[in-house]
There are 2 protein chains.
Amino acid sequence: MTAKDRSGFVLHGAVVYSKDKDKLICFDDAYAVSLDGISEGVFPFLPEEYKELPLIETGGKLIIPGFTDLHIHAPQYQFRGNGMDIELLPWLETYTFPEEARYSDLSYAERAYKIFAEELKNGATVRASVFATSHTGATLRLMELLEESGLVTLVGRVNMDRNVPDYYVEETEASISGTEEWLREAEKKGFSRTRPVITPRFTPSCSRELMTGLKKLAERYAAPVQSHLSENLSEIEWVHKLEPDTSCYADSYVKAGIMNKGIPCIMAHCVWSDEKEQEILKDNNVFIAHCPDSNTNLSSGAAPVKCYLEKGMNVGLATDVAGGHTASMINAIRSAIQVSKLRNRLYDRDTKALTFEEAFYMATKGGGAFFGKAGSFDKGYSFDALILDDLSIPTAREDLSAKERAERFIYLGDDRYISGKIVAGKRIR
Amino acid sequence: MTAKDRSGFVLHGAVVYSKDKDKLICFDDAYAVSLDGISEGVFPFLPEEYKELPLIETGGKLIIPGFTDLHIHAPQYQFRGNGMDIELLPWLETYTFPEEARYSDLSYAERAYKIFAEELKNGATVRASVFATSHTGATLRLMELLEESGLVTLVGRVNMDRNVPDYYVEETEASISGTEEWLREAEKKGFSRTRPVITPRFTPSCSRELMTGLKKLAERYAAPVQSHLSENLSEIEWVHKLEPDTSCYADSYVKAGIMNKGIPCIMAHCVWSDEKEQEILKDNNVFIAHCPDSNTNLSSGAAPVKCYLEKGMNVGLATDVAGGHTASMINAIRSAIQVSKLRNRLYDRDTKALTFEEAFYMATKGGGAFFGKAGSFDKGYSFDALILDDLSIPTAREDLSAKERAERFIYLGDDRYISGKIVAGKRIR
C-alpha cells in the first residue's frame, strides 16, 4: 500500500517539537507528515513517497505538537479565577466541595460541562486526564461531551468515603459499586477516544478499604489510576495522622495496592516528596503531574521537577483547574519555568531552573507518554498538532527562528493564535 | 455653572475601585460620573444634578480605573518573550544593549515604537513611566506617538556613560548636554499628556558626575527622575565595588543628589532593599515600581512589597518589558499576588502574601499617585476607566458579585475583554 492509498496529509510550515527533555528539534521550514493518524516524521524537503498526499500550506505558520494536560478538574472550571485567597484544605471546604456537589443536578452539569468541553477544544490541549465528581450521570455526560470534542481524554468519577461534608460523601461500598456501575456504563458507550480512569480523590478522603476496592476495579477493567500526592504541608501532616502505619504519603497508596507497577498511575503535585517518596514513585513508574499555577495560587509550594526529570522520572505538566486559574497549557509551560526560577533563587540554589526545552517537553512528550506515543512528531507518534499564527503577535523583528517563535508563543500567546488543531490525524478546529 | 454646561458623561455598570490598599469599593450596579475629565464619584442612584449628562449604558459591564505601569522599556518591546534564560547583567549585554542600539536608526524606531504605542493603547494601561534609549530623535518620536495614543506618559531619554558597550555608551558631557537638548526639544512640542522624565539607567552605567549633572537638569526643568535599584544580587555587589563610599545602593543616588525629597522619583525593583535602604526610600518619598514578572524571569528574586505597603511606602506595579515578558498590567497584578505567595511559602514565612485588594491598589491608586490624583473614582481623581466585557469569559455561574468579577478578570482576562478605555475623561478606544 503506498502513502496515497492511505488517509493522510502533509503540513508545511515552521516546526518545533521535543526530541527529549534537553533537545528541541526546530525547522524554520519543513513538512510534517501524518498517515492514518500517525506521524511519519518531519522533513526539510518532502520525500517523493508523500508527494501525492494532500498538502496543507500554513503560510509559514508554526506547527508544534498539542499539549497534554495531566491533571484538570472539570467541575471546578466554572469558578476558576476566584477564591484564590486560602490554602488547599479550607479551599476544598469553602469553594470546591459545594461547587462539585452541584453536579448531582444533571441540568447544571450539562450547562457547565458543555462550556468546559468547548473551552478545552478551543485551547492548546489535545489530551487530558480529567477529574469529574462522584456523580455517575454527570460523569458519563462529561465523557460524551469530551468524546464529541475530538480530544483524547481520561475521565474519572471521583471517590471519597471520609472527611468530606455529608452532602457529598459516599459510603465505602456504594462508592465502589457505583464506580463499577459507571465503568460498565462507560464501556457500553463505545467511546473511541474517551476512557475511564479510577480516581480516588486523595488519601485524606479515601479509606484504605475503598482504595483496595478501587484497585481491584482498576485491574478488572484495565483502567489507569489518578490521584493527588504531597501537595500541601498540612495535608501531608494529616495523612501521617490518618495512616500511621505508612512511611510516607505515597506509601498510603502502595499499602492500599493501588500504586503498583501493574497499574498506570498519575499523581498530581508531588510538591514535597522527599527522596524516599521519590524512589517509590520511580519504582512504580508513576507519572507526576506538575501543576505550577495551582501550587502557587494555593500557596502550596514549588515542586522540584528539575530533580524529577534528572532522575529519569515521568513528569508531565498540568493546569489543575481550579487550583490553577486557567486551563491554558501555554500558561502552564510559562509558569513552570517561572516557578522553578523563584524556587532556585529563594529556596534551593542547588536545583537549577527549568529550561524552556524541559518545560516544553513536559507539556508534550513528557505527559503525552501516559497516553502512549503522543506529544512528538517522531515517526510512529500520534499526529497531534497545533498550527499557530504566532507571527500575528506584533513585533518589528523579522529574523525570528522557529525556536524563538516557539518560546515567544509560550510567553505571549493564547487561544487567539491557534489557527488549527489536529488530534490523532483528525482536524478538530 | 451646572453639570450640563460642562463636558462630562455618566457610565452605568458594575464598578470596582480602591479606597485604600485594604479596601475595594464595589458596586454591582452604579453610575460613575466624569466632569471635565475629573471623577465626581460613583453613585448607586444617579444624583439629580448629573441627569442631563450623556449616559453611557455599558449593559452591565464592569468599570474599573485604568492601570498605571510605573516601569516599562519601550525599545525592549520587540524582543519581549525571548531571551529569558539568563540573569540581569548578561541579559543586558546579550539581548538588551544590541537591541536598544538599533534605535539610532530612526526608521527602525518609527516602525518599532508605532507597534509599542498601539499595543499600549489597546491594553489595560492608561498611564506609564517609560524608558526609551539614549537617542534623542527616537525618544522624541516615541513621545509624539504616545501623545497621539491618548495615554498619559512620562518618557525618559536614557543616560549611560560607563560599563556599556562602545557602540552604545556616551561621554559624560555629551550625555548631559544631549539630555538638555532633548528636554528643550520636548518642551517645544507642546505635548499635553507626555512629559520627560530624567533617566539615568542605573548606578553601574552612570558615573556620579553624570548623575550630578542630571540632578541639575531635573531641578531646572522640574522633571521627575526614574531609575533602577537593588534588582539583582550581582548588580548590588557591583555597585558596592563601583561606589565604595556609599552605605547601600540607594545611597549612590542620594550622594549624587538625584534622590532627594525635592525630586519625584521612581525606582524600579527594590527586590533586595534592606531596612536601611527602605528608610532612605521612605524618607525621600520614592515610588517603588514592583515588577514581579521581570524579577521572576531574570531570576532576580521577589520583592517584599507587602512590607513596603505596610510601612506606608509608595508602591506601584510595573510590567518592566522586556525583563517582564508582557506589557499587560492585568498579568502584572496576578503575578504580584502569585510571586508574593511563593515568597511567603519558600523564603519568608513572616511576610504574608499580597491580597487581591493590595495588588489591585498598587496597579491603580498606588502607582497612579505618581501622576497626581489618578487610579481611583474618588471625587477629584482623573477619570481614567476601563470598560470590561468580563462576562464574555465563559462560565455557568450567574451570581458573580462585582468583586468576584474583578478578581476573575485579573486571573482570566486580557485585551480582548477591554471594550472601552477612557483617559482623563476622553475615550481613546
# chains A, B, ... in the order shown; residues from 1 in each chain; ligands from 1
call {"tool": "interface_residues", "arguments": {"of": "chain B", "to": "chain A", "cutoff": "6 Å", "atoms": "only C-alpha atoms", "output": "ChimeraX atom specification"}}
result
/B:78,81-82,112,296,299,338,341,346-347,395-396,408,411
call {"tool": "write_last_selection", "arguments": {"atoms": "N, CA, C and O atoms", "output": "mmCIF file, in the first residue's frame"}}
result
data_model
loop_
_atom_site.group_PDB
_atom_site.id
_atom_site.type_symbol
_atom_site.label_atom_id
_atom_site.label_comp_id
_atom_site.auth_asym_id
_atom_site.auth_seq_id
_atom_site.Cartn_x
_atom_site.Cartn_y
_atom_site.Cartn_z
ATOM 1 N N GLN B 78 10.132 44.808 21.338
ATOM 2 C CA GLN B 78 10.171 43.922 20.167
ATOM 3 C C GLN B 78 10.730 42.538 20.481
ATOM 4 O O GLN B 78 10.479 41.595 19.748
ATOM 5 N N GLY B 81 9.396 38.251 25.516
ATOM 6 C CA GLY B 81 9.060 36.822 25.387
ATOM 7 C C GLY B 81 10.192 35.984 24.823
ATOM 8 O O GLY B 81 10.048 34.784 24.640
ATOM 9 N N ASN B 82 11.326 36.613 24.547
ATOM 10 C CA ASN B 82 12.513 35.846 24.152
ATOM 11 C C ASN B 82 13.669 36.207 25.089
ATOM 12 O O ASN B 82 13.656 37.262 25.726
ATOM 13 N N ALA B 112 9.112 50.282 15.163
ATOM 14 C CA ALA B 112 9.003 49.574 16.439
ATOM 15 C C ALA B 112 8.151 50.355 17.441
ATOM 16 O O ALA B 112 7.293 49.785 18.118
ATOM 17 N N THR B 296 11.010 37.603 38.291
ATOM 18 C CA THR B 296 10.939 36.149 38.168
ATOM 19 C C THR B 296 11.706 35.680 36.939
ATOM 20 O O THR B 296 12.566 34.810 37.020
ATOM 21 N N SER B 299 15.305 35.737 37.209
ATOM 22 C CA SER B 299 15.740 35.066 38.447
ATOM 23 C C SER B 299 16.318 36.041 39.459
ATOM 24 O O SER B 299 17.258 35.714 40.190
ATOM 25 N N GLN B 338 0.839 36.083 42.903
ATOM 26 C CA GLN B 338 1.453 34.753 42.825
ATOM 27 C C GLN B 338 2.866 34.744 43.416
ATOM 28 O O GLN B 338 3.224 33.869 44.209
ATOM 29 N N LYS B 341 3.016 34.868 47.103
ATOM 30 C CA LYS B 341 2.677 33.596 47.754
ATOM 31 C C LYS B 341 3.896 32.677 47.808
ATOM 32 O O LYS B 341 4.155 32.039 48.828
ATOM 33 N N LEU B 346 8.252 29.947 50.432
ATOM 34 C CA LEU B 346 9.589 29.394 50.232
ATOM 35 C C LEU B 346 10.702 30.176 50.916
ATOM 36 O O LEU B 346 11.813 29.671 51.062
ATOM 37 N N TYR B 347 10.412 31.425 51.307
ATOM 38 C CA TYR B 347 11.538 32.281 51.695
ATOM 39 C C TYR B 347 11.330 33.020 53.001
ATOM 40 O O TYR B 347 12.255 33.146 53.793
ATOM 41 N N THR B 395 -18.676 31.151 31.723
ATOM 42 C CA THR B 395 -18.946 30.463 32.986
ATOM 43 C C THR B 395 -20.439 30.146 33.068
ATOM 44 O O THR B 395 -21.252 30.848 32.464
ATOM 45 N N ALA B 396 -20.757 29.102 33.835
ATOM 46 C CA ALA B 396 -22.167 28.777 34.070
ATOM 47 C C ALA B 396 -22.688 29.524 35.290
ATOM 48 O O ALA B 396 -23.872 29.490 35.583
ATOM 49 N N ARG B 408 -11.831 37.745 38.922
ATOM 50 C CA ARG B 408 -11.871 36.806 37.812
ATOM 51 C C ARG B 408 -11.257 37.420 36.546
ATOM 52 O O ARG B 408 -10.526 36.762 35.802
ATOM 53 N N TYR B 411 -7.498 37.306 36.808
ATOM 54 C CA TYR B 411 -6.920 35.971 36.604
ATOM 55 C C TYR B 411 -7.125 35.439 35.185
ATOM 56 O O TYR B 411 -6.319 34.670 34.678
#
call {"tool": "select_by_dssp", "arguments": {"residues": "region 2-146 of chain A", "states": "alpha helix (DSSP H)", "output": "PyMOL selection string"}}
result
chain A and resi 88-91+97-101+106-122+136-146
call {"tool": "residues_around", "arguments": {"residues": "Gly13 (chain A)", "least_positions_apart": "6", "cutoff": "7 Å", "atoms": "only C-alpha atoms", "output": "ChimeraX atom specification"}}
result
/A:29-31,58-63
call {"tool": "select_by_dssp", "arguments": {"residues": "region 341-404 of chain A", "states": "strand (DSSP E or B)", "output": "list of chain:residue names"}}
result
A:Ser382, A:Ala385, A:Leu386, A:Ile387, A:Leu388
call {"tool": "write_last_selection", "arguments": {"atoms": "N, CA, C and O atoms", "output": "mmCIF file, in the first residue's frame"}}
result
data_model
loop_
_atom_site.group_PDB
_atom_site.id
_atom_site.type_symbol
_atom_site.label_atom_id
_atom_site.label_comp_id
_atom_site.auth_asym_id
_atom_site.auth_seq_id
_atom_site.Cartn_x
_atom_site.Cartn_y
_atom_site.Cartn_z
ATOM 1 N N SER A 382 1.438 9.522 17.612
ATOM 2 C CA SER A 382 0.122 10.031 17.219
ATOM 3 C C SER A 382 0.303 11.435 16.653
ATOM 4 O O SER A 382 1.022 12.249 17.224
ATOM 5 N N ALA A 385 -1.335 17.982 16.524
ATOM 6 C CA ALA A 385 -0.607 19.207 16.185
ATOM 7 C C ALA A 385 -1.427 20.457 16.433
ATOM 8 O O ALA A 385 -2.665 20.459 16.328
ATOM 9 N N LEU A 386 -0.708 21.536 16.778
ATOM 10 C CA LEU A 386 -1.299 22.871 16.794
ATOM 11 C C LEU A 386 -0.675 23.666 15.661
ATOM 12 O O LEU A 386 0.540 23.600 15.452
ATOM 13 N N ILE A 387 -1.503 24.405 14.935
ATOM 14 C CA ILE A 387 -0.997 25.309 13.904
ATOM 15 C C ILE A 387 -1.154 26.716 14.468
ATOM 16 O O ILE A 387 -2.262 27.153 14.784
ATOM 17 N N LEU A 388 -0.038 27.396 14.636
ATOM 18 C CA LEU A 388 -0.035 28.656 15.391
ATOM 19 C C LEU A 388 0.235 29.869 14.510
ATOM 20 O O LEU A 388 1.206 29.890 13.747
#
call {"tool": "atom_distance", "arguments": {"atom1": "CA of Lys121 (chain B)", "atom2": "CA of Gly123 (chain A)"}}
result
26.5 Å
call {"tool": "atom_distance", "arguments": {"atom1": "CA of Leu391 (chain B)", "atom2": "CA of Ala336 (chain B)"}}
result
23.7 Å
call {"tool": "atom_distance", "arguments": {"atom1": "CA of Pro264 (chain A)", "atom2": "CA of Asn285 (chain A)"}}
result
7.4 Å
call {"tool": "residues_around", "arguments": {"residues": "Cys206 (chain B)", "least_positions_apart": "3", "cutoff": "10 Å", "atoms": "only C-alpha atoms", "output": "list of chain:residue names"}}
result
B:Asn159, B:Met160, B:Asp161, B:Arg162, B:Asn163, B:Val164, B:Thr172, B:Pro200, B:Arg201, B:Phe202, B:Thr203, B:Glu209, B:Leu210, B:Met211, B:Thr212
call {"tool": "write_last_selection", "arguments": {"atoms": "N, CA and C atoms", "output": "PDB file, in the first residue's frame"}}
result
ATOM      1  N   ASN B 159      20.353  57.689  30.083  1.00  0.00           N
ATOM      2  CA  ASN B 159      21.755  58.111  30.200  1.00  0.00           C
ATOM      3  C   ASN B 159      22.646  56.975  30.680  1.00  0.00           C
ATOM      4  N   MET B 160      23.819  56.853  30.057  1.00  0.00           N
ATOM      5  CA  MET B 160      24.830  55.844  30.427  1.00  0.00           C
ATOM      6  C   MET B 160      26.191  56.353  29.990  1.00  0.00           C
ATOM      7  N   ASP B 161      27.143  56.442  30.906  1.00  0.00           N
ATOM      8  CA  ASP B 161      28.488  56.883  30.498  1.00  0.00           C
ATOM      9  C   ASP B 161      29.582  55.913  30.926  1.00  0.00           C
ATOM     10  N   ARG B 162      29.215  54.726  31.383  1.00  0.00           N
ATOM     11  CA  ARG B 162      30.252  53.735  31.740  1.00  0.00           C
ATOM     12  C   ARG B 162      29.674  52.312  31.727  1.00  0.00           C
ATOM     13  N   ASN B 163      30.598  51.358  31.596  1.00  0.00           N
ATOM     14  CA  ASN B 163      30.221  49.929  31.671  1.00  0.00           C
ATOM     15  C   ASN B 163      29.121  49.521  30.692  1.00  0.00           C
ATOM     16  N   VAL B 164      29.147  50.159  29.545  1.00  0.00           N
ATOM     17  CA  VAL B 164      28.182  49.845  28.492  1.00  0.00           C
ATOM     18  C   VAL B 164      29.026  49.660  27.227  1.00  0.00           C
ATOM     19  N   THR B 172      30.364  61.563  29.242  1.00  0.00           N
ATOM     20  CA  THR B 172      29.592  62.189  30.329  1.00  0.00           C
ATOM     21  C   THR B 172      28.980  63.531  29.896  1.00  0.00           C
ATOM     22  N   PRO B 200      18.674  58.292  34.380  1.00  0.00           N
ATOM     23  CA  PRO B 200      19.955  57.581  34.468  1.00  0.00           C
ATOM     24  C   PRO B 200      19.635  56.091  34.546  1.00  0.00           C
ATOM     25  N   ARG B 201      20.280  55.281  33.700  1.00  0.00           N
ATOM     26  CA  ARG B 201      19.853  53.868  33.634  1.00  0.00           C
ATOM     27  C   ARG B 201      19.926  53.201  34.993  1.00  0.00           C
ATOM     28  N   PHE B 202      21.110  53.116  35.542  1.00  0.00           N
ATOM     29  CA  PHE B 202      21.316  52.637  36.914  1.00  0.00           C
ATOM     30  C   PHE B 202      22.756  52.927  37.280  1.00  0.00           C
ATOM     31  N   THR B 203      23.080  52.870  38.550  1.00  0.00           N
ATOM     32  CA  THR B 203      24.407  53.257  39.016  1.00  0.00           C
ATOM     33  C   THR B 203      25.542  52.565  38.252  1.00  0.00           C
ATOM     34  N   GLU B 209      29.388  61.928  38.401  1.00  0.00           N
ATOM     35  CA  GLU B 209      29.430  63.211  37.692  1.00  0.00           C
ATOM     36  C   GLU B 209      28.211  63.330  36.761  1.00  0.00           C
ATOM     37  N   LEU B 210      27.932  62.255  36.058  1.00  0.00           N
ATOM     38  CA  LEU B 210      26.763  62.254  35.169  1.00  0.00           C
ATOM     39  C   LEU B 210      25.477  62.452  35.977  1.00  0.00           C
ATOM     40  N   MET B 211      25.358  61.720  37.044  1.00  0.00           N
ATOM     41  CA  MET B 211      24.111  61.818  37.830  1.00  0.00           C
ATOM     42  C   MET B 211      23.957  63.198  38.464  1.00  0.00           C
ATOM     43  N   THR B 212      25.077  63.784  38.879  1.00  0.00           N
ATOM     44  CA  THR B 212      25.004  65.134  39.454  1.00  0.00           C
ATOM     45  C   THR B 212      24.535  66.127  38.392  1.00  0.00           C
TER      46      THR B 212
END
call {"tool": "residues_around", "arguments": {"residues": "Glu93 (chain B)", "least_positions_apart": "2", "cutoff": "12 Å", "atoms": "only C-alpha atoms", "output": "number ranges by chain"}}
result
B: 83, 86-91, 95-101, 163-168
call {"tool": "residues_around", "arguments": {"residues": "region 364-377 of chain A", "least_positions_apart": "4", "cutoff": "10 Å", "atoms": "only C-alpha atoms", "output": "VMD selection string"}}
result
chain A and resid 15 to 21 25 32 to 34 38 to 42 64 to 71 125 to 129 152 to 154 224 264 to 266 286 to 290 309 313 to 318 358 to 360 381 to 385 423 to 424
call {"tool": "closest_residue", "arguments": {"among": "B:Ala74, B:Leu120, B:Val169, B:Cys248", "to": "Ala132 (chain B)", "atoms": "only C-alpha atoms"}}
result
B:Ala74
call {"tool": "residues_around", "arguments": {"residues": "Ser273 (chain A)", "least_positions_apart": "3", "cutoff": "9 Å", "atoms": "only C-alpha atoms", "output": "PDB file with N, CA, C and O atoms, in the first residue's frame"}}
result
ATOM      1  N   LEU A 229      -0.968  13.813  45.435  1.00  0.00           N
ATOM      2  CA  LEU A 229       0.086  13.409  46.373  1.00  0.00           C
ATOM      3  C   LEU A 229       0.938  14.592  46.829  1.00  0.00           C
ATOM      4  O   LEU A 229       1.424  15.375  46.005  1.00  0.00           O
ATOM      5  N   SER A 230       1.111  14.675  48.137  1.00  0.00           N
ATOM      6  CA  SER A 230       2.088  15.604  48.735  1.00  0.00           C
ATOM      7  C   SER A 230       2.039  16.998  48.130  1.00  0.00           C
ATOM      8  O   SER A 230       3.049  17.548  47.709  1.00  0.00           O
ATOM      9  N   GLU A 231       0.821  17.556  48.172  1.00  0.00           N
ATOM     10  CA  GLU A 231       0.621  18.884  47.598  1.00  0.00           C
ATOM     11  C   GLU A 231       0.911  19.982  48.618  1.00  0.00           C
ATOM     12  O   GLU A 231       1.584  20.968  48.317  1.00  0.00           O
ATOM     13  N   CYS A 248       5.368   7.141  54.308  1.00  0.00           N
ATOM     14  CA  CYS A 248       5.205   8.462  53.692  1.00  0.00           C
ATOM     15  C   CYS A 248       3.832   8.469  53.009  1.00  0.00           C
ATOM     16  O   CYS A 248       3.147   7.446  52.963  1.00  0.00           O
ATOM     17  N   TYR A 249       3.472   9.614  52.500  1.00  0.00           N
ATOM     18  CA  TYR A 249       2.155   9.768  51.873  1.00  0.00           C
ATOM     19  C   TYR A 249       1.979   8.738  50.751  1.00  0.00           C
ATOM     20  O   TYR A 249       0.975   8.006  50.691  1.00  0.00           O
ATOM     21  N   ALA A 250       2.956   8.633  49.871  1.00  0.00           N
ATOM     22  CA  ALA A 250       2.840   7.693  48.741  1.00  0.00           C
ATOM     23  C   ALA A 250       2.606   6.273  49.237  1.00  0.00           C
ATOM     24  O   ALA A 250       1.893   5.481  48.606  1.00  0.00           O
ATOM     25  N   CYS A 270       3.084  16.359  43.955  1.00  0.00           N
ATOM     26  CA  CYS A 270       4.395  15.908  44.437  1.00  0.00           C
ATOM     27  C   CYS A 270       5.306  17.104  44.730  1.00  0.00           C
ATOM     28  O   CYS A 270       6.472  17.143  44.339  1.00  0.00           O
ATOM     29  N   LYS A 276      12.765   9.435  49.695  1.00  0.00           N
ATOM     30  CA  LYS A 276      12.137   8.119  49.863  1.00  0.00           C
ATOM     31  C   LYS A 276      10.865   8.015  49.016  1.00  0.00           C
ATOM     32  O   LYS A 276      10.637   7.033  48.317  1.00  0.00           O
ATOM     33  N   GLU A 277      10.065   9.070  49.084  1.00  0.00           N
ATOM     34  CA  GLU A 277       8.831   9.078  48.296  1.00  0.00           C
ATOM     35  C   GLU A 277       9.152   9.079  46.799  1.00  0.00           C
ATOM     36  O   GLU A 277       8.483   8.418  46.000  1.00  0.00           O
ATOM     37  N   GLN A 278      10.177   9.831  46.435  1.00  0.00           N
ATOM     38  CA  GLN A 278      10.574   9.876  45.018  1.00  0.00           C
ATOM     39  C   GLN A 278      10.952   8.476  44.522  1.00  0.00           C
ATOM     40  O   GLN A 278      10.621   8.094  43.404  1.00  0.00           O
ATOM     41  N   ALA A 303       7.302  22.438  43.273  1.00  0.00           N
ATOM     42  CA  ALA A 303       7.838  21.068  43.191  1.00  0.00           C
ATOM     43  C   ALA A 303       9.228  21.056  42.546  1.00  0.00           C
ATOM     44  O   ALA A 303       9.499  21.830  41.629  1.00  0.00           O
ATOM     45  N   PRO A 304      10.091  20.158  43.017  1.00  0.00           N
ATOM     46  CA  PRO A 304      11.444  20.054  42.439  1.00  0.00           C
ATOM     47  C   PRO A 304      11.447  19.227  41.156  1.00  0.00           C
ATOM     48  O   PRO A 304      12.129  18.214  41.063  1.00  0.00           O
TER      49      PRO A 304
END
call {"tool": "closest_residue", "arguments": {"among": "A:Glu275, A:Glu237, A:Glu173, A:Glu180", "to": "Gly156 (chain A)", "atoms": "only C-alpha atoms"}}
result
A:Glu180
call {"tool": "decode", "arguments": {"residues": "region 127-138 of chain B", "atoms": "N, CA and C atoms", "output": "PDB file, in the first residue's frame"}}
result
ATOM      1  N   ARG B 127      -1.688  54.970  32.144  1.00  0.00           N
ATOM      2  CA  ARG B 127      -0.545  55.835  32.435  1.00  0.00           C
ATOM      3  C   ARG B 127       0.701  54.979  32.563  1.00  0.00           C
ATOM      4  N   ALA B 128       1.834  55.532  32.136  1.00  0.00           N
ATOM      5  CA  ALA B 128       3.060  54.742  32.196  1.00  0.00           C
ATOM      6  C   ALA B 128       4.277  55.640  32.331  1.00  0.00           C
ATOM      7  N   SER B 129       5.273  55.113  32.996  1.00  0.00           N
ATOM      8  CA  SER B 129       6.572  55.771  33.048  1.00  0.00           C
ATOM      9  C   SER B 129       7.528  54.910  32.227  1.00  0.00           C
ATOM     10  N   VAL B 130       8.053  55.503  31.155  1.00  0.00           N
ATOM     11  CA  VAL B 130       8.665  54.727  30.078  1.00  0.00           C
ATOM     12  C   VAL B 130      10.150  55.057  29.927  1.00  0.00           C
ATOM     13  N   PHE B 131      10.976  54.044  29.822  1.00  0.00           N
ATOM     14  CA  PHE B 131      12.365  54.222  29.400  1.00  0.00           C
ATOM     15  C   PHE B 131      12.408  54.148  27.877  1.00  0.00           C
ATOM     16  N   ALA B 132      13.149  55.093  27.250  1.00  0.00           N
ATOM     17  CA  ALA B 132      13.429  54.974  25.815  1.00  0.00           C
ATOM     18  C   ALA B 132      14.882  54.507  25.692  1.00  0.00           C
ATOM     19  N   THR B 133      15.641  55.110  24.771  1.00  0.00           N
ATOM     20  CA  THR B 133      17.073  54.815  24.656  1.00  0.00           C
ATOM     21  C   THR B 133      17.820  56.152  24.816  1.00  0.00           C
ATOM     22  N   SER B 134      19.103  56.152  24.532  1.00  0.00           N
ATOM     23  CA  SER B 134      19.852  57.414  24.632  1.00  0.00           C
ATOM     24  C   SER B 134      19.803  58.217  23.332  1.00  0.00           C
ATOM     25  N   HIS B 135      18.945  57.814  22.408  1.00  0.00           N
ATOM     26  CA  HIS B 135      18.840  58.515  21.128  1.00  0.00           C
ATOM     27  C   HIS B 135      17.748  59.576  21.194  1.00  0.00           C
ATOM     28  N   THR B 136      18.161  60.840  21.060  1.00  0.00           N
ATOM     29  CA  THR B 136      17.214  61.943  21.205  1.00  0.00           C
ATOM     30  C   THR B 136      16.107  61.883  20.153  1.00  0.00           C
ATOM     31  N   GLY B 137      16.482  61.641  18.922  1.00  0.00           N
ATOM     32  CA  GLY B 137      15.490  61.629  17.838  1.00  0.00           C
ATOM     33  C   GLY B 137      14.431  60.571  18.052  1.00  0.00           C
ATOM     34  N   ALA B 138      14.881  59.366  18.330  1.00  0.00           N
ATOM     35  CA  ALA B 138      13.933  58.268  18.525  1.00  0.00           C
ATOM     36  C   ALA B 138      13.068  58.512  19.752  1.00  0.00           C
TER      37      ALA B 138
END
